[in-house]
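Structure below is target_4.cif: mmCIF, C-alpha atoms and all ligand atoms.
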```cif
data_my_file
loop_
_atom_site.group_PDB
_atom_site.id
_atom_site.type_symbol
_atom_site.label_atom_id
_atom_site.label_comp_id
_atom_site.auth_asym_id
_atom_site.auth_seq_id
_atom_site.Cartn_x
_atom_site.Cartn_y
_atom_site.Cartn_z
ATOM 1 C CA MET A 1 26.638 9.506 -101.831
ATOM 2 C CA PHE A 2 23.351 7.597 -101.593
ATOM 3 C CA THR A 3 24.561 4.553 -103.479
ATOM 4 C CA LEU A 4 22.503 1.368 -103.128
ATOM 5 C CA THR A 5 24.893 -0.822 -105.081
ATOM 6 C CA GLY A 6 24.814 -4.424 -103.888
ATOM 7 C CA LYS A 7 21.521 -3.959 -102.039
ATOM 8 C CA THR A 8 18.239 -5.735 -102.622
ATOM 9 C CA ALA A 9 15.153 -3.573 -102.145
ATOM 10 C CA VAL A 10 11.517 -4.640 -101.925
ATOM 11 C CA VAL A 11 8.969 -1.985 -102.908
ATOM 12 C CA THR A 12 5.268 -2.768 -102.552
ATOM 13 C CA GLY A 13 2.872 -1.145 -104.990
ATOM 14 C CA GLY A 14 5.823 -0.245 -107.210
ATOM 15 C CA GLY A 15 3.730 -0.332 -110.382
ATOM 16 C CA SER A 16 2.298 3.169 -109.991
ATOM 17 C CA GLY A 17 2.790 6.644 -108.559
ATOM 18 C CA ILE A 18 5.099 7.037 -105.579
ATOM 19 C CA GLY A 19 6.157 3.367 -105.496
ATOM 20 C CA LYS A 20 7.079 3.460 -109.169
ATOM 21 C CA ALA A 21 9.204 6.580 -108.680
ATOM 22 C CA ILE A 22 10.909 5.030 -105.635
ATOM 23 C CA SER A 23 11.639 1.831 -107.599
ATOM 24 C CA GLN A 24 13.157 3.827 -110.449
ATOM 25 C CA VAL A 25 15.374 5.942 -108.201
ATOM 26 C CA PHE A 26 16.535 2.937 -106.138
ATOM 27 C CA ALA A 27 17.413 0.999 -109.315
ATOM 28 C CA ARG A 28 19.247 4.031 -110.709
ATOM 29 C CA GLN A 29 21.293 4.131 -107.499
ATOM 30 C CA GLY A 30 22.311 0.488 -108.006
ATOM 31 C CA ALA A 31 19.766 -1.562 -106.036
ATOM 32 C CA GLU A 32 18.152 -4.714 -107.351
ATOM 33 C CA VAL A 33 14.488 -3.810 -106.945
ATOM 34 C CA HIS A 34 11.682 -6.311 -106.344
ATOM 35 C CA ILE A 35 8.237 -4.877 -106.968
ATOM 36 C CA LEU A 36 5.305 -6.564 -105.202
ATOM 37 C CA GLU A 37 2.221 -5.476 -107.087
ATOM 38 C CA LEU A 38 -1.438 -6.320 -107.508
ATOM 39 C CA GLN A 39 -1.616 -4.876 -111.035
ATOM 40 C CA GLU A 40 0.720 -7.142 -113.005
ATOM 41 C CA GLU A 41 0.599 -5.084 -116.179
ATOM 42 C CA ASN A 42 1.670 -1.911 -114.332
ATOM 43 C CA ALA A 43 4.482 -3.806 -112.622
ATOM 44 C CA ARG A 44 5.740 -5.111 -115.957
ATOM 45 C CA GLU A 45 5.750 -1.578 -117.394
ATOM 46 C CA ALA A 46 7.667 -0.277 -114.372
ATOM 47 C CA ILE A 47 10.236 -3.070 -114.745
ATOM 48 C CA ALA A 48 10.622 -2.393 -118.478
ATOM 49 C CA ALA A 49 11.330 1.301 -117.779
ATOM 50 C CA ILE A 50 13.929 0.389 -115.140
ATOM 51 C CA GLU A 51 15.636 -2.117 -117.431
ATOM 52 C CA ALA A 52 15.625 0.356 -120.320
ATOM 53 C CA ALA A 53 17.532 2.755 -118.044
ATOM 54 C CA GLY A 54 20.092 0.024 -117.276
ATOM 55 C CA GLY A 55 18.730 -0.970 -113.853
ATOM 56 C CA LYS A 56 17.834 -4.322 -112.336
ATOM 57 C CA ALA A 57 14.272 -5.108 -111.265
ATOM 58 C CA VAL A 58 11.901 -8.044 -110.878
ATOM 59 C CA ALA A 59 8.091 -7.968 -110.760
ATOM 60 C CA HIS A 60 6.193 -10.222 -108.372
ATOM 61 C CA SER A 61 2.454 -10.554 -108.673
ATOM 62 C CA CYS A 62 1.343 -10.252 -105.060
ATOM 63 C CA ASP A 63 -1.594 -9.034 -103.023
ATOM 64 C CA VAL A 64 0.101 -7.798 -99.847
ATOM 65 C CA SER A 65 -3.098 -8.329 -97.842
ATOM 66 C CA GLN A 66 -2.609 -12.098 -98.336
ATOM 67 C CA GLN A 67 0.064 -13.312 -95.929
ATOM 68 C CA GLU A 68 0.820 -16.548 -97.785
ATOM 69 C CA GLN A 69 1.450 -14.611 -101.015
ATOM 70 C CA VAL A 70 3.869 -12.251 -99.245
ATOM 71 C CA ARG A 71 5.640 -15.169 -97.578
ATOM 72 C CA ALA A 72 5.973 -16.972 -100.922
ATOM 73 C CA VAL A 73 7.616 -13.945 -102.557
ATOM 74 C CA PHE A 74 10.082 -13.373 -99.691
ATOM 75 C CA ALA A 75 10.934 -17.104 -99.705
ATOM 76 C CA ARG A 76 12.121 -16.702 -103.301
ATOM 77 C CA LEU A 77 14.419 -13.784 -102.388
ATOM 78 C CA GLY A 78 17.915 -13.999 -100.979
ATOM 79 C CA GLN A 79 19.019 -11.241 -98.615
ATOM 80 C CA VAL A 80 16.764 -8.212 -98.345
ATOM 81 C CA HIS A 81 18.388 -4.935 -97.282
ATOM 82 C CA ILE A 82 15.553 -2.459 -97.846
ATOM 83 C CA LEU A 83 11.762 -2.640 -97.568
ATOM 84 C CA VAL A 84 9.444 0.160 -98.668
ATOM 85 C CA ASN A 85 5.855 -0.429 -97.548
ATOM 86 C CA ASN A 86 4.131 1.724 -100.125
ATOM 87 C CA ALA A 87 1.077 -0.206 -101.402
ATOM 88 C CA GLY A 88 -2.055 1.510 -100.174
ATOM 89 C CA VAL A 89 -5.668 2.228 -100.939
ATOM 90 C CA ALA A 90 -7.906 5.156 -100.008
ATOM 91 C CA HIS A 91 -11.446 5.645 -98.808
ATOM 92 C CA ILE A 92 -13.608 8.752 -98.500
ATOM 93 C CA GLY A 93 -16.057 8.937 -95.634
ATOM 94 C CA ASN A 94 -16.651 10.004 -92.037
ATOM 95 C CA VAL A 95 -17.408 7.740 -89.079
ATOM 96 C CA GLU A 96 -21.102 7.544 -90.080
ATOM 97 C CA THR A 97 -20.727 6.935 -93.799
ATOM 98 C CA THR A 98 -17.900 4.393 -93.454
ATOM 99 C CA THR A 99 -19.196 0.836 -93.291
ATOM 100 C CA GLY A 100 -17.555 -2.007 -91.430
ATOM 101 C CA GLN A 101 -16.670 -3.485 -94.815
ATOM 102 C CA ASP A 102 -14.991 -0.239 -95.907
ATOM 103 C CA LEU A 103 -12.958 -0.212 -92.708
ATOM 104 C CA ASP A 104 -11.955 -3.869 -93.156
ATOM 105 C CA ARG A 105 -10.829 -3.296 -96.763
ATOM 106 C CA ILE A 106 -8.585 -0.375 -95.789
ATOM 107 C CA TYR A 107 -7.259 -2.294 -92.782
ATOM 108 C CA GLN A 108 -6.514 -5.420 -94.831
ATOM 109 C CA VAL A 109 -4.346 -3.592 -97.389
ATOM 110 C CA ASN A 110 -2.883 -0.591 -95.568
ATOM 111 C CA VAL A 111 -2.323 -2.155 -92.146
ATOM 112 C CA LYS A 112 -2.239 -5.933 -92.550
ATOM 113 C CA GLY A 113 -0.385 -5.636 -95.879
ATOM 114 C CA ALA A 114 2.336 -3.583 -94.217
ATOM 115 C CA PHE A 115 2.416 -5.972 -91.252
ATOM 116 C CA HIS A 116 2.891 -9.002 -93.533
ATOM 117 C CA CYS A 117 5.823 -7.358 -95.293
ATOM 118 C CA LEU A 118 7.369 -6.085 -92.043
ATOM 119 C CA GLN A 119 7.248 -9.575 -90.571
ATOM 120 C CA ALA A 120 8.771 -11.204 -93.647
ATOM 121 C CA ALA A 121 11.436 -8.507 -94.014
ATOM 122 C CA VAL A 122 12.705 -8.370 -90.416
ATOM 123 C CA GLU A 123 13.175 -12.132 -90.516
ATOM 124 C CA LYS A 124 15.517 -11.645 -93.490
ATOM 125 C CA MET A 125 17.237 -8.536 -92.103
ATOM 126 C CA LYS A 126 17.930 -9.758 -88.565
ATOM 127 C CA GLY A 127 21.358 -11.170 -89.244
ATOM 128 C CA GLN A 128 22.665 -8.287 -91.326
ATOM 129 C CA GLY A 129 20.613 -5.142 -90.542
ATOM 130 C CA GLY A 130 18.437 -3.210 -92.932
ATOM 131 C CA ALA A 131 16.315 -0.161 -93.621
ATOM 132 C CA ILE A 132 12.538 -0.051 -93.632
ATOM 133 C CA LEU A 133 10.443 2.858 -94.841
ATOM 134 C CA ASN A 134 6.677 2.981 -94.403
ATOM 135 C CA LEU A 135 4.354 5.296 -96.313
ATOM 136 C CA ALA A 136 2.222 7.076 -93.735
ATOM 137 C CA SER A 137 0.437 10.326 -94.619
ATOM 138 C CA ILE A 138 -0.426 13.725 -93.174
ATOM 139 C CA ALA A 139 -3.674 11.881 -92.277
ATOM 140 C CA ALA A 140 -1.701 10.172 -89.496
ATOM 141 C CA HIS A 141 -1.026 13.534 -87.827
ATOM 142 C CA VAL A 142 -3.865 15.984 -88.486
ATOM 143 C CA GLY A 143 -7.631 15.721 -88.833
ATOM 144 C CA LEU A 144 -8.653 15.569 -92.491
ATOM 145 C CA LEU A 145 -12.245 15.837 -93.661
ATOM 146 C CA ASP A 146 -13.859 12.529 -94.628
ATOM 147 C CA ARG A 147 -10.821 10.318 -94.184
ATOM 148 C CA PHE A 148 -11.952 8.232 -91.210
ATOM 149 C CA ALA A 149 -10.792 4.781 -92.370
ATOM 150 C CA TYR A 150 -7.746 6.057 -94.241
ATOM 151 C CA SER A 151 -6.565 8.104 -91.240
ATOM 152 C CA MET A 152 -7.005 5.070 -88.988
ATOM 153 C CA SER A 153 -4.737 3.060 -91.277
ATOM 154 C CA LYS A 154 -2.044 5.725 -91.563
ATOM 155 C CA GLY A 155 -2.041 6.302 -87.803
ATOM 156 C CA ALA A 156 -1.399 2.574 -87.495
ATOM 157 C CA ILE A 157 1.488 2.839 -89.957
ATOM 158 C CA HIS A 158 3.067 5.534 -87.795
ATOM 159 C CA ALA A 159 2.636 3.457 -84.626
ATOM 160 C CA MET A 160 3.984 0.275 -86.289
ATOM 161 C CA THR A 161 7.009 2.279 -87.438
ATOM 162 C CA LEU A 162 7.875 3.237 -83.859
ATOM 163 C CA SER A 163 7.262 -0.297 -82.586
ATOM 164 C CA VAL A 164 9.517 -1.965 -85.166
ATOM 165 C CA ALA A 165 12.194 0.718 -84.792
ATOM 166 C CA LYS A 166 12.332 0.063 -81.027
ATOM 167 C CA ASP A 167 12.189 -3.740 -81.161
ATOM 168 C CA TYR A 168 14.946 -4.138 -83.760
ATOM 169 C CA LEU A 169 17.522 -1.578 -82.598
ATOM 170 C CA ALA A 170 19.883 -4.359 -81.566
ATOM 171 C CA HIS A 171 19.453 -6.016 -84.960
ATOM 172 C CA LYS A 172 20.545 -2.812 -86.730
ATOM 173 C CA ILE A 173 17.241 -2.549 -88.558
ATOM 174 C CA ARG A 174 16.234 1.086 -88.966
ATOM 175 C CA CYS A 175 12.539 1.859 -89.452
ATOM 176 C CA ASN A 176 11.124 5.247 -90.443
ATOM 177 C CA SER A 177 8.034 6.638 -92.113
ATOM 178 C CA ILE A 178 7.220 9.506 -94.420
ATOM 179 C CA SER A 179 4.018 11.524 -94.429
ATOM 180 C CA PRO A 180 3.204 13.145 -97.736
ATOM 181 C CA ALA A 181 0.415 15.652 -98.299
ATOM 182 C CA ARG A 182 -1.208 15.423 -101.718
ATOM 183 C CA VAL A 183 1.164 14.035 -104.343
ATOM 184 C CA HIS A 184 0.130 14.029 -107.990
ATOM 185 C CA THR A 185 -0.229 10.326 -108.857
ATOM 186 C CA PRO A 186 -2.872 8.126 -110.578
ATOM 187 C CA PHE A 187 -4.327 7.765 -107.051
ATOM 188 C CA VAL A 188 -5.285 11.494 -107.185
ATOM 189 C CA ASP A 189 -6.404 11.475 -110.839
ATOM 190 C CA GLY A 190 -8.632 8.451 -110.156
ATOM 191 C CA PHE A 191 -10.150 10.179 -107.133
ATOM 192 C CA LEU A 192 -10.923 13.361 -109.128
ATOM 193 C CA ALA A 193 -12.400 11.460 -112.085
ATOM 194 C CA LYS A 194 -14.626 9.434 -109.771
ATOM 195 C CA SER A 195 -15.686 12.156 -107.349
ATOM 196 C CA TYR A 196 -15.809 15.254 -109.587
ATOM 197 C CA PRO A 197 -16.544 14.204 -113.184
ATOM 198 C CA GLY A 198 -16.335 17.226 -115.496
ATOM 199 C CA GLN A 199 -14.748 19.397 -112.793
ATOM 200 C CA GLU A 200 -11.392 17.652 -112.645
ATOM 201 C CA GLU A 201 -9.319 20.718 -113.608
ATOM 202 C CA GLU A 202 -11.026 23.060 -111.159
ATOM 203 C CA MET A 203 -10.718 20.522 -108.338
ATOM 204 C CA PHE A 204 -7.080 19.832 -109.215
ATOM 205 C CA GLU A 205 -6.379 23.563 -108.688
ATOM 206 C CA LYS A 206 -8.316 23.581 -105.434
ATOM 207 C CA LEU A 207 -6.499 20.532 -104.096
ATOM 208 C CA SER A 208 -3.157 21.989 -105.169
ATOM 209 C CA LYS A 209 -3.813 25.075 -103.029
ATOM 210 C CA THR A 210 -4.465 23.043 -99.872
ATOM 211 C CA GLN A 211 -0.682 22.782 -99.682
ATOM 212 C CA PRO A 212 0.602 26.199 -98.501
ATOM 213 C CA ILE A 213 3.396 25.896 -101.080
ATOM 214 C CA GLY A 214 0.645 26.089 -103.748
ATOM 215 C CA ARG A 215 0.996 22.778 -105.561
ATOM 216 C CA MET A 216 0.916 19.031 -105.115
ATOM 217 C CA GLY A 217 4.095 17.084 -104.510
ATOM 218 C CA LYS A 218 5.797 15.086 -107.248
ATOM 219 C CA PRO A 219 6.434 11.329 -106.902
ATOM 220 C CA GLU A 220 10.134 11.999 -107.648
ATOM 221 C CA GLU A 221 10.343 14.365 -104.668
ATOM 222 C CA VAL A 222 9.008 11.645 -102.372
ATOM 223 C CA ALA A 223 11.408 9.164 -103.971
ATOM 224 C CA ALA A 224 14.387 11.424 -103.210
ATOM 225 C CA LEU A 225 13.487 11.480 -99.499
ATOM 226 C CA ALA A 226 12.928 7.717 -99.575
ATOM 227 C CA LEU A 227 16.373 7.243 -101.098
ATOM 228 C CA PHE A 228 18.029 9.293 -98.375
ATOM 229 C CA LEU A 229 16.225 7.458 -95.565
ATOM 230 C CA CYS A 230 17.061 4.015 -96.989
ATOM 231 C CA SER A 231 20.696 4.848 -97.723
ATOM 232 C CA ASP A 232 23.654 4.306 -95.414
ATOM 233 C CA GLU A 233 23.958 8.101 -95.131
ATOM 234 C CA ALA A 234 20.813 8.014 -92.949
ATOM 235 C CA GLY A 235 22.413 5.463 -90.608
ATOM 236 C CA PHE A 236 21.722 7.633 -87.521
ATOM 237 C CA ILE A 237 17.987 7.965 -88.260
ATOM 238 C CA THR A 238 15.415 5.542 -86.888
ATOM 239 C CA GLY A 239 11.939 5.792 -85.354
ATOM 240 C CA CYS A 240 11.241 9.055 -87.195
ATOM 241 C CA ASP A 241 8.433 10.332 -89.351
ATOM 242 C CA TYR A 242 9.181 12.901 -92.041
ATOM 243 C CA PRO A 243 6.383 15.102 -93.375
ATOM 244 C CA ILE A 244 6.858 15.935 -97.075
ATOM 245 C CA ASP A 245 3.867 18.176 -97.373
ATOM 246 C CA GLY A 246 4.495 21.633 -98.845
ATOM 247 C CA GLY A 247 3.916 23.066 -95.368
ATOM 248 C CA PHE A 248 0.543 21.375 -94.841
ATOM 249 C CA ILE A 249 1.020 20.381 -91.203
ATOM 250 C CA THR A 250 2.785 23.453 -89.849
ATOM 251 C CA LEU A 251 1.796 26.371 -92.123
ATOM 252 C CA ASN A 252 -1.939 25.873 -92.722
ATOM 253 C CA ASN A 253 -3.156 28.509 -90.282
HETATM 254 N N1 LIG B 1 -0.736 10.325 -103.616
HETATM 255 C C1 LIG B 1 -0.909 10.951 -102.467
HETATM 256 O O1 LIG B 1 -1.384 12.106 -102.440
HETATM 257 C C2 LIG B 1 -0.499 10.312 -101.176
HETATM 258 C C3 LIG B 1 -0.401 11.114 -100.020
HETATM 259 C C4 LIG B 1 -0.024 10.526 -98.810
HETATM 260 C C5 LIG B 1 0.262 9.187 -98.749
HETATM 261 N N2 LIG B 1 0.158 8.422 -99.889
HETATM 262 C C6 LIG B 1 0.445 7.000 -99.757
HETATM 263 O O2 LIG B 1 1.474 6.650 -100.651
HETATM 264 C C7 LIG B 1 1.302 5.312 -101.106
HETATM 265 C C8 LIG B 1 1.300 5.276 -102.631
HETATM 266 O O3 LIG B 1 0.291 6.146 -103.116
HETATM 267 P P1 LIG B 1 0.160 6.501 -104.670
HETATM 268 O O4 LIG B 1 -0.505 7.828 -104.718
HETATM 269 O O5 LIG B 1 1.444 6.314 -105.369
HETATM 270 O O6 LIG B 1 -0.917 5.404 -105.116
HETATM 271 P P2 LIG B 1 -1.184 4.631 -106.501
HETATM 272 O O7 LIG B 1 -2.631 4.203 -106.460
HETATM 273 O O8 LIG B 1 -0.734 5.463 -107.656
HETATM 274 O O9 LIG B 1 -0.260 3.361 -106.341
HETATM 275 C C9 LIG B 1 -0.510 2.402 -105.352
HETATM 276 C C10 LIG B 1 -0.060 1.058 -105.882
HETATM 277 O O10 LIG B 1 -0.315 0.069 -104.879
HETATM 278 C C11 LIG B 1 -0.834 -1.086 -105.512
HETATM 279 N N3 LIG B 1 -1.630 -1.868 -104.586
HETATM 280 C C12 LIG B 1 -2.840 -1.538 -104.051
HETATM 281 N N4 LIG B 1 -3.279 -2.545 -103.262
HETATM 282 C C13 LIG B 1 -2.336 -3.521 -103.295
HETATM 283 C C14 LIG B 1 -2.229 -4.785 -102.710
HETATM 284 N N5 LIG B 1 -3.205 -5.279 -101.933
HETATM 285 N N6 LIG B 1 -1.127 -5.530 -102.958
HETATM 286 C C15 LIG B 1 -0.137 -5.061 -103.762
HETATM 287 N N7 LIG B 1 -0.194 -3.858 -104.360
HETATM 288 C C16 LIG B 1 -1.280 -3.093 -104.137
HETATM 289 C C17 LIG B 1 -1.697 -0.545 -106.653
HETATM 290 O O11 LIG B 1 -1.934 -1.532 -107.645
HETATM 291 C C18 LIG B 1 -0.862 0.635 -107.133
HETATM 292 O O12 LIG B 1 0.038 0.236 -108.152
HETATM 293 C C19 LIG B 1 -0.029 4.830 -100.478
HETATM 294 O O13 LIG B 1 0.271 4.097 -99.303
HETATM 295 C C20 LIG B 1 -0.736 6.122 -100.137
HETATM 296 O O14 LIG B 1 -1.637 5.965 -99.059
HETATM 297 C C21 LIG B 1 -0.214 8.954 -101.086
#
```
Translate this structure into C-alpha cells?
Amino acid sequence: MFTLTGKTAVVTGGGSGIGKAISQVFARQGAEVHILELQEENAREAIAAIEAAGGKAVAHSCDVSQQEQVRAVFARLGQVHILVNNAGVAHIGNVETTTGQDLDRIYQVNVKGAFHCLQAAVEKMKGQGGAILNLASIAAHVGLLDRFAYSMSKGAIHAMTLSVAKDYLAHKIRCNSISPARVHTPFVDGFLAKSYPGQEEEMFEKLSKTQPIGRMGKPEEVAALALFLCSDEAGFITGCDYPIDGGFITLNN
C-alpha cells in the first residue's frame, strides 16, 4: 500500500521541517522527488539524506514567490504526478501591529507562491491526473492570537484548495489540504529563539500544552498523512481539509 513508484513529486520548501520529512517519506515510497527551495544548502542536505537512503531526489533553487522561477523549474520537469505546496513563512502580529509590507511578504510567499505552483502543476497534470496537497494550518479555521497575516494566508490556502478541487474534477486532479497545529520544526525553534531568548525551554513546554494531546506534532506524522493523501489509496478524497492537531480544534474547551 501507499507506493509512489513511478511517480514524480514536487515538494516546495523541502529543505527543512515538514517539507523535508515529506520529501524523505515520498522518496522512500518510490517517488522521484523534486525539492523547490530558497535555501540551497538545506536542499542539498535533504537530497543527500534521500540518496543515502537509496531514494531519488533533485534540488532546484527556487523562490516560489517568483512566477518566472517556478515556471522555469516546471519547464525542466517531465510529467508531474504530485505537488505538495509546503513552503511558507510566518508573521506575528494583530491587525494594528501588522504593516502593509508584512502582509505583502506573507501573501507573496504563502499565497502567491502556492498559486504559482498550482498553476504550473495543473498544466502538467491535466492530461493524466494528479494529486495536490496544500499546507494550510489550524490558523485557517480558528482564531489564533497575533496571527493576522498568517491566518489570512492559510485561509486563502484552504479556499484555493476547494477551488482547484472543483475546477479539475474532470481532469482527475485531486486537491486537498492539511491543517497542522504546532509541529516541532526549525520554524518553531527559530520563533522561540527570536521571541523568547533565554526562556526557550519554558516556552517550548507551554506551546506543547496548547495541543490537548500535550505535545507538538512531529514532521514525520505530518508526512505520513501527506503520503496517504497523495497516494492512489486516497483516490476517493478531494476538496477536503484534514486537521492534524493533537485535538486543538475540537478539544480545546
Ligand atoms: N511547524 C508548524 O508548527 C506548522 C503548523 C501549521 C502549518 N505549518 C506550515 O507548514 C509548512 C512548513 O512549515 P515548517 O514548520 O516545516 O517550516 P520550515 O521553516 O522548517 O520550512 C519551510 C521551508 O520553506 C522554505 N521557503 C520559505 N520561503 C520560500 C520561498 N519563497 N521559496 C521556496 N522555499 C521557501 C524555507 O527555506 C524552509 O526550508 C508552512 O507552510 C507552514 O506554514 C507549520
Around all listed atoms of ligand LIG 1 (chain B), padded 5 Å per side, what centre and edge lengths does the axis-aligned box have in Å to one decimal, as AutoDock Vina command-line options?
```
--center_x -0.9 --center_y 3.3 --center_z -103.5 --size_x 14.8 --size_y 27.6 --size_z 19.4
```
Closest-contact table, chain A side, partner ligand LIG 1 (chain B), 6 Å, counting all atoms listed in the file, as CSV:
```
residue,atom,partner,partner_atom,distance
A:Thr12,CA,B:LIG1,N7,5.9
A:Gly13,CA,B:LIG1,O10,3.4
A:Gly14,CA,B:LIG1,O12,5.9
A:Gly15,CA,B:LIG1,O12,4.4
A:Ser16,CA,B:LIG1,O12,4.1
A:Gly17,CA,B:LIG1,O5,3.5
A:Ile18,CA,B:LIG1,O5,3.7
A:Gly19,CA,B:LIG1,O5,5.6
A:Leu36,CA,B:LIG1,C15,5.8
A:Glu37,CA,B:LIG1,N7,4.0
A:Leu38,CA,B:LIG1,C15,4.2
A:Gln39,CA,B:LIG1,O11,4.8
A:Cys62,CA,B:LIG1,C15,5.6
A:Asp63,CA,B:LIG1,N6,3.5
A:Val64,CA,B:LIG1,N6,4.0
A:Ser65,CA,B:LIG1,N5,5.1
A:Asn86,CA,B:LIG1,O13,4.6
A:Ala87,CA,B:LIG1,O10,3.8
A:Gly88,CA,B:LIG1,O13,3.6
A:Val89,CA,B:LIG1,C12,5.6
A:Val109,CA,B:LIG1,N5,5.0
A:Leu135,CA,B:LIG1,O13,5.2
A:Ala136,CA,B:LIG1,C5,5.8
A:Ser137,CA,B:LIG1,C4,4.2
A:Pro180,CA,B:LIG1,C4,4.3
A:Ala181,CA,B:LIG1,C3,4.9
A:Arg182,CA,B:LIG1,O1,3.4
A:Val183,CA,B:LIG1,O1,3.7
A:His184,CA,B:LIG1,N1,5.8
A:Thr185,CA,B:LIG1,O4,4.8
A:Pro186,CA,B:LIG1,O8,4.5
A:Phe187,CA,B:LIG1,O7,4.0
A:Val188,CA,B:LIG1,N1,5.9
```
Pull the neighbourhood of (7.9, 9.4, -104.4) for me: all residues within 7 Å in file coordinates, counting all atoms listed in the file, as a list in words. Ile18, Gly19, Ala21, Ile22, Lys218, Pro219, Glu220, Glu221, Val222, Ala223 and Ala224 of chain A
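Coordinates place CA of Val70 (chain A) at a distance of 27.4 Å from CA of Arg147 (chain A).
Candidate residues A:Gln119, A:Ser195, A:Thr97, A:Ser208 were compared for distance to Tyr168 (chain A), and the nearest is A:Gln119, using all atoms listed in the file.
Take CA of Tyr107 (chain A) and CA of Ser153 (chain A): the distance between them is 6.1 Å.
Nearest residue to Phe191 (chain A) among A:Val95, A:Ala90, A:Gln108, A:Glu45 is A:Ala90, counting all atoms listed in the file.
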Reconstruct N, CA and C atoms of region 12-26 of chain A from the incomplete input and present them as a tab-separated table (two decimals), keeping the file's coordinate frame.
```
chain	number	residue	atom	x	y	z
A	12	THR	N	6.64	-2.31	-102.29
A	12	THR	CA	5.27	-2.77	-102.55
A	12	THR	C	4.51	-1.68	-103.31
A	13	GLY	N	3.62	-2.11	-104.19
A	13	GLY	CA	2.87	-1.14	-104.99
A	13	GLY	C	3.77	-0.34	-105.91
A	14	GLY	N	4.83	-0.96	-106.38
A	14	GLY	CA	5.82	-0.24	-107.21
A	14	GLY	C	5.41	-0.08	-108.66
A	15	GLY	N	4.18	-0.45	-108.99
A	15	GLY	CA	3.73	-0.33	-110.38
A	15	GLY	C	3.12	1.02	-110.72
A	16	SER	N	2.99	1.90	-109.74
A	16	SER	CA	2.30	3.17	-109.99
A	16	SER	C	2.82	4.25	-109.05
A	17	GLY	N	2.62	5.49	-109.44
A	17	GLY	CA	2.79	6.64	-108.56
A	17	GLY	C	4.09	6.70	-107.77
A	18	ILE	N	3.94	6.86	-106.45
A	18	ILE	CA	5.10	7.04	-105.58
A	18	ILE	C	5.99	5.80	-105.58
A	19	GLY	N	5.38	4.62	-105.52
A	19	GLY	CA	6.16	3.37	-105.50
A	19	GLY	C	6.96	3.17	-106.77
A	20	LYS	N	6.38	3.58	-107.88
A	20	LYS	CA	7.08	3.46	-109.17
A	20	LYS	C	8.29	4.39	-109.18
A	21	ALA	N	8.09	5.62	-108.72
A	21	ALA	CA	9.20	6.58	-108.68
A	21	ALA	C	10.30	6.10	-107.73
A	22	ILE	N	9.92	5.55	-106.59
A	22	ILE	CA	10.91	5.03	-105.64
A	22	ILE	C	11.68	3.88	-106.28
A	23	SER	N	10.97	2.98	-106.95
A	23	SER	CA	11.64	1.83	-107.60
A	23	SER	C	12.65	2.31	-108.63
A	24	GLN	N	12.25	3.32	-109.40
A	24	GLN	CA	13.16	3.83	-110.45
A	24	GLN	C	14.41	4.46	-109.85
A	25	VAL	N	14.22	5.26	-108.82
A	25	VAL	CA	15.37	5.94	-108.20
A	25	VAL	C	16.29	4.92	-107.52
A	26	PHE	N	15.71	3.95	-106.82
A	26	PHE	CA	16.54	2.94	-106.14
A	26	PHE	C	17.35	2.14	-107.17
```
